[in-house]
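> Would you mind keeping the following structure in view while I ask a few things?
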Amino acid sequence: MSEAPVADPAAGLAEPEALLDPYSLFGRLRESSPVYRSAFLDSWVVTRYDDCAAVLRDTESFASDWRRIGEAVPEPLLSIQSLDPPEHTAIRHFMVDAVRGLDPGMLRERIAVQVRARAERLRAAREFDCVSDLTAPLALDTITAVLGVPPIDAAWFLPVSQTIVDGMDAGIWPQTGGPAVRARAELAEYTGRWLDDPPADGLVAHVAAKAPGSGIARPVLLNTLRAVLHAGFESAGRLLSNALVVLLNSPDNLARFTRADLSLAVEELVRYVTPVQADARACVRETRIGGHVIAPGEAVTLLLAAANRDPAKFAEPDELDFARYPNPHLGFGRGAHSCLGQSLAVLQAQVVLGLLATEFPGIRLADEPVYHRNLTLRGVARLKVHLN
C-alpha cells in the first residue's frame, strides 16, 4: 500500500492513539469531513448517523456481497454476513427461525451460574484479568450453549478467532487478509462436523433438521454456522470487556449502572462503546451521500462508532446516560444485515454486568487496559482488576 497523503484524516486510524481513543478522531472527521474520499483506505468514509443508517438500509444501492461489483469472493466468505437479498433473505429467515426456538430463560440462568462459579474462584485470587478469566470464557460458553454443541478447545479457537478479527482491518494492514480467509475456512470445516453428528438442541440441531429442504447451499450453511460462532463470541465478548472498562474507569459509572434499568443501561453501553466500530459496503449504482456522488464500484466505509456519537442524533453523545430513551444506536447495524444475535448479546450483558457489583464487591482497575490492534472490531486484550 502506498503511503497515505498527510492530508488524509483517515490515516490517523492506523496510529496507536486511535486504539486508545478512536472517538476524538471520529469526532473531528464527523465535523470536518462527514463524507469524503480517503486515498488511505481507498474508500469513501461516512461518519454521520443519518448517512450511515441510510446506507445500511439501502441494499439495492450498497452491497455487502462484493461480487455485485465484479470482485471475486472466496467461498469461505459466503455467509449470512456477506450475501445480499434475495440470497440473504433465505438464510436470514432460516436462522431467525432457529433463534426464535431458543429458551432465553434457560440461557439467562446458565450465564448467571457461570458468572457465580467464576466469581467464587476469582475472589480467592483477588487480582485477575477480566478478559482471559471472565469475559472470554463466558462468551464462549454462552455461544456454545446457543449452538447446542460441546465445549470448544479455547487454546485452538482463540487464535483462529483473533486471526479472523485481524483480517477485518486488511484495508489498513493488508498482510492480515490472507491468514483471515484461511482461518475462516478452518473454522467452517470445524463447524461443518457438527452437521455430520448434530446435537439434540440448539441452533445446530435446527440447521441439521431443516437444511435438506431449505434450498440453501451447504457451503453457505457451514459458513453461516462459522459466522454465528465467531460473531457470537467476539462481538458479545468485546461488548462485555469494553463495557467493563467504562464502568470501572469511574466508581460513579458503576454505581449509576447498578441503580439503572438494565435494559436501557446496556443499550446505552452498546451505543457508547460500539464494539463493531465500522462496516463496509460496495456501491452498486450511482448514489448521493451528503452531497457527494458515489460511483458504482466504489467502496464505502461506515464509521458506526462515529455515528453513535453524532450530536445531531444523540443529546450529549459523549456522556453516559443510562436512562437514554429512545436510543436508536447502530451498534447492531440496521436493515437487512442487522445483527442476528443482538438479543442474545444484550441478554448476556445484562446478566454479566448486572451481577458485577454483587459478585465482585470492591472491584477496581489494577492497571490500564491493553487493546487489541483492531479497529473494525474494537476490543480489550487485557484488563487487570483488583478486588478489595
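Note on naming: chains are A, B, ... as they come in the C-alpha cells, residues start from 1 per chain, ligands start from 1 in the order shown.
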Report the closest atom pair, with its distance in Å rounded to one decimal, for each residue of stretch 37-125 of chain A that has an atom no farther than 9 Å from stretch 204-215 of chain A; count only C-alpha atoms, sort by chain and then rising residue number, and write it as a Markdown table.

```
| residue | atom | partner | partner_atom | distance |
| --- | --- | --- | --- | --- |
| A:Ala90 | CA | A:Ser214 | CA | 8.2 |
| A:Ile91 | CA | A:Ser214 | CA | 8.7 |
| A:Phe94 | CA | A:Ser214 | CA | 7.9 |
| A:Met95 | CA | A:Val207 | CA | 7.9 |
| A:Asp97 | CA | A:His206 | CA | 8.6 |
| A:Ala98 | CA | A:His206 | CA | 5.9 |
| A:Gly101 | CA | A:His206 | CA | 8.6 |
```
> Taking C-alpha atoms for each residue, export the selection above as an mmCIF file, in the first residue's frame.

```cif
data_model
loop_
_atom_site.group_PDB
_atom_site.id
_atom_site.type_symbol
_atom_site.label_atom_id
_atom_site.label_comp_id
_atom_site.auth_asym_id
_atom_site.auth_seq_id
_atom_site.Cartn_x
_atom_site.Cartn_y
_atom_site.Cartn_z
ATOM 1 C CA ALA A 90 -33.482 -17.134 2.613
ATOM 2 C CA ILE A 91 -30.604 -17.809 5.015
ATOM 3 C CA PHE A 94 -33.803 -19.770 8.192
ATOM 4 C CA MET A 95 -31.576 -18.607 11.045
ATOM 5 C CA ASP A 97 -36.494 -19.256 12.955
ATOM 6 C CA ALA A 98 -33.710 -21.100 14.761
ATOM 7 C CA GLY A 101 -36.639 -21.508 19.163
#
```
> Write out as a list in words the residues lying within 10 Å of A:Gly27, counting only C-alpha atoms and excluding same-chain residues fewer than 3 positions away.
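Result of the neighbour search: Pro22, Tyr23, Ser24, Arg30, Glu31, Ser32, Ser33, Pro34, Thr47, Arg48, Ala305, Ala306, Ala307, Arg309, Asp310, Pro311 and Asp318 of chain A.
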> Take the residues that were just selected and, keeping N, CA and C atoms, output them as a JSON list (two decimals), in the first residue's frame.

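Below you can see result.json, which holds the result:
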```
[["chain", "number", "residue", "atom", "x", "y", "z"],
["A", 22, "PRO", "N", -10.40, 6.19, 19.81],
["A", 22, "PRO", "CA", -10.80, 6.48, 18.44],
["A", 22, "PRO", "C", -11.85, 7.57, 18.34],
["A", 23, "TYR", "N", -12.53, 7.88, 19.45],
["A", 23, "TYR", "CA", -13.68, 8.76, 19.39],
["A", 23, "TYR", "C", -13.30, 10.21, 19.12],
["A", 24, "SER", "N", -12.14, 10.64, 19.59],
["A", 24, "SER", "CA", -11.70, 12.00, 19.29],
["A", 24, "SER", "C", -11.49, 12.18, 17.79],
["A", 30, "ARG", "N", -16.21, 13.70, 11.72],
["A", 30, "ARG", "CA", -17.64, 14.00, 11.57],
["A", 30, "ARG", "C", -17.87, 15.50, 11.39],
["A", 31, "GLU", "N", -17.06, 16.31, 12.06],
["A", 31, "GLU", "CA", -17.23, 17.75, 11.98],
["A", 31, "GLU", "C", -16.63, 18.35, 10.71],
["A", 32, "SER", "N", -15.46, 17.86, 10.32],
["A", 32, "SER", "CA", -14.75, 18.49, 9.20],
["A", 32, "SER", "C", -14.98, 17.78, 7.87],
["A", 33, "SER", "N", -15.12, 16.47, 7.89],
["A", 33, "SER", "CA", -15.24, 15.70, 6.64],
["A", 33, "SER", "C", -16.24, 14.57, 6.82],
["A", 34, "PRO", "N", -17.53, 14.88, 7.01],
["A", 34, "PRO", "CA", -18.51, 13.83, 7.30],
["A", 34, "PRO", "C", -18.64, 12.78, 6.20],
["A", 47, "THR", "N", -19.47, 9.27, 8.36],
["A", 47, "THR", "CA", -19.42, 9.34, 9.82],
["A", 47, "THR", "C", -20.71, 9.82, 10.48],
["A", 48, "ARG", "N", -21.61, 10.44, 9.74],
["A", 48, "ARG", "CA", -22.83, 10.96, 10.35],
["A", 48, "ARG", "C", -23.89, 9.86, 10.48],
["A", 305, "ALA", "N", -19.21, 3.78, 14.99],
["A", 305, "ALA", "CA", -18.92, 4.36, 16.31],
["A", 305, "ALA", "C", -18.99, 5.88, 16.26],
["A", 306, "ALA", "N", -18.64, 6.47, 15.12],
["A", 306, "ALA", "CA", -18.78, 7.92, 14.96],
["A", 306, "ALA", "C", -20.25, 8.29, 14.88],
["A", 307, "ALA", "N", -21.02, 7.50, 14.14],
["A", 307, "ALA", "CA", -22.45, 7.76, 14.01],
["A", 307, "ALA", "C", -23.16, 7.68, 15.36],
["A", 309, "ARG", "N", -22.14, 8.61, 18.09],
["A", 309, "ARG", "CA", -21.88, 9.79, 18.93],
["A", 309, "ARG", "C", -22.15, 11.08, 18.16],
["A", 310, "ASP", "N", -23.06, 10.98, 17.23],
["A", 310, "ASP", "CA", -23.42, 12.14, 16.41],
["A", 310, "ASP", "C", -24.36, 13.03, 17.22],
["A", 311, "PRO", "N", -23.95, 14.28, 17.53],
["A", 311, "PRO", "CA", -24.80, 15.16, 18.34],
["A", 311, "PRO", "C", -26.09, 15.54, 17.62],
["A", 318, "ASP", "N", -21.26, 12.19, 24.10],
["A", 318, "ASP", "CA", -20.06, 11.68, 24.76],
["A", 318, "ASP", "C", -20.27, 11.41, 26.24]]
```
> Rank nothing, just name the residue among A:Leu340, A:Ala255, A:Ala381, A:Leu13 nearest to A:Gly237, using only C-alpha atoms.
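Result for the nearest residue to A:Gly237: A:Ala381.
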> For atom CA of A:Thr135 and atom CA of A:Val370, quote the distance in Å rounded to one decimal.
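Going from atom CA of A:Thr135 over to atom CA of A:Val370 covers 14.6 Å.
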> Determine, counting only C-alpha atoms, which protein, DNA and RNA residues have an atom within 6 Å of an atom of stretch 162-168 of chain A; residues of the same chain fewer than 2 positions away are not included. Present the result as a list of chain:residue names.
A:Pro159, A:Val160, A:Ala170, A:Thr176, A:Gly177, A:Ala180
> Restricting the calculation to only C-alpha atoms: of A:Leu344, A:Leu222, A:Leu29, A:Ala312, which residue gets closest to A:Pro9?
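Between A:Leu344, A:Leu222, A:Leu29, A:Ala312, the residue approaching A:Pro9 most closely is A:Leu29.
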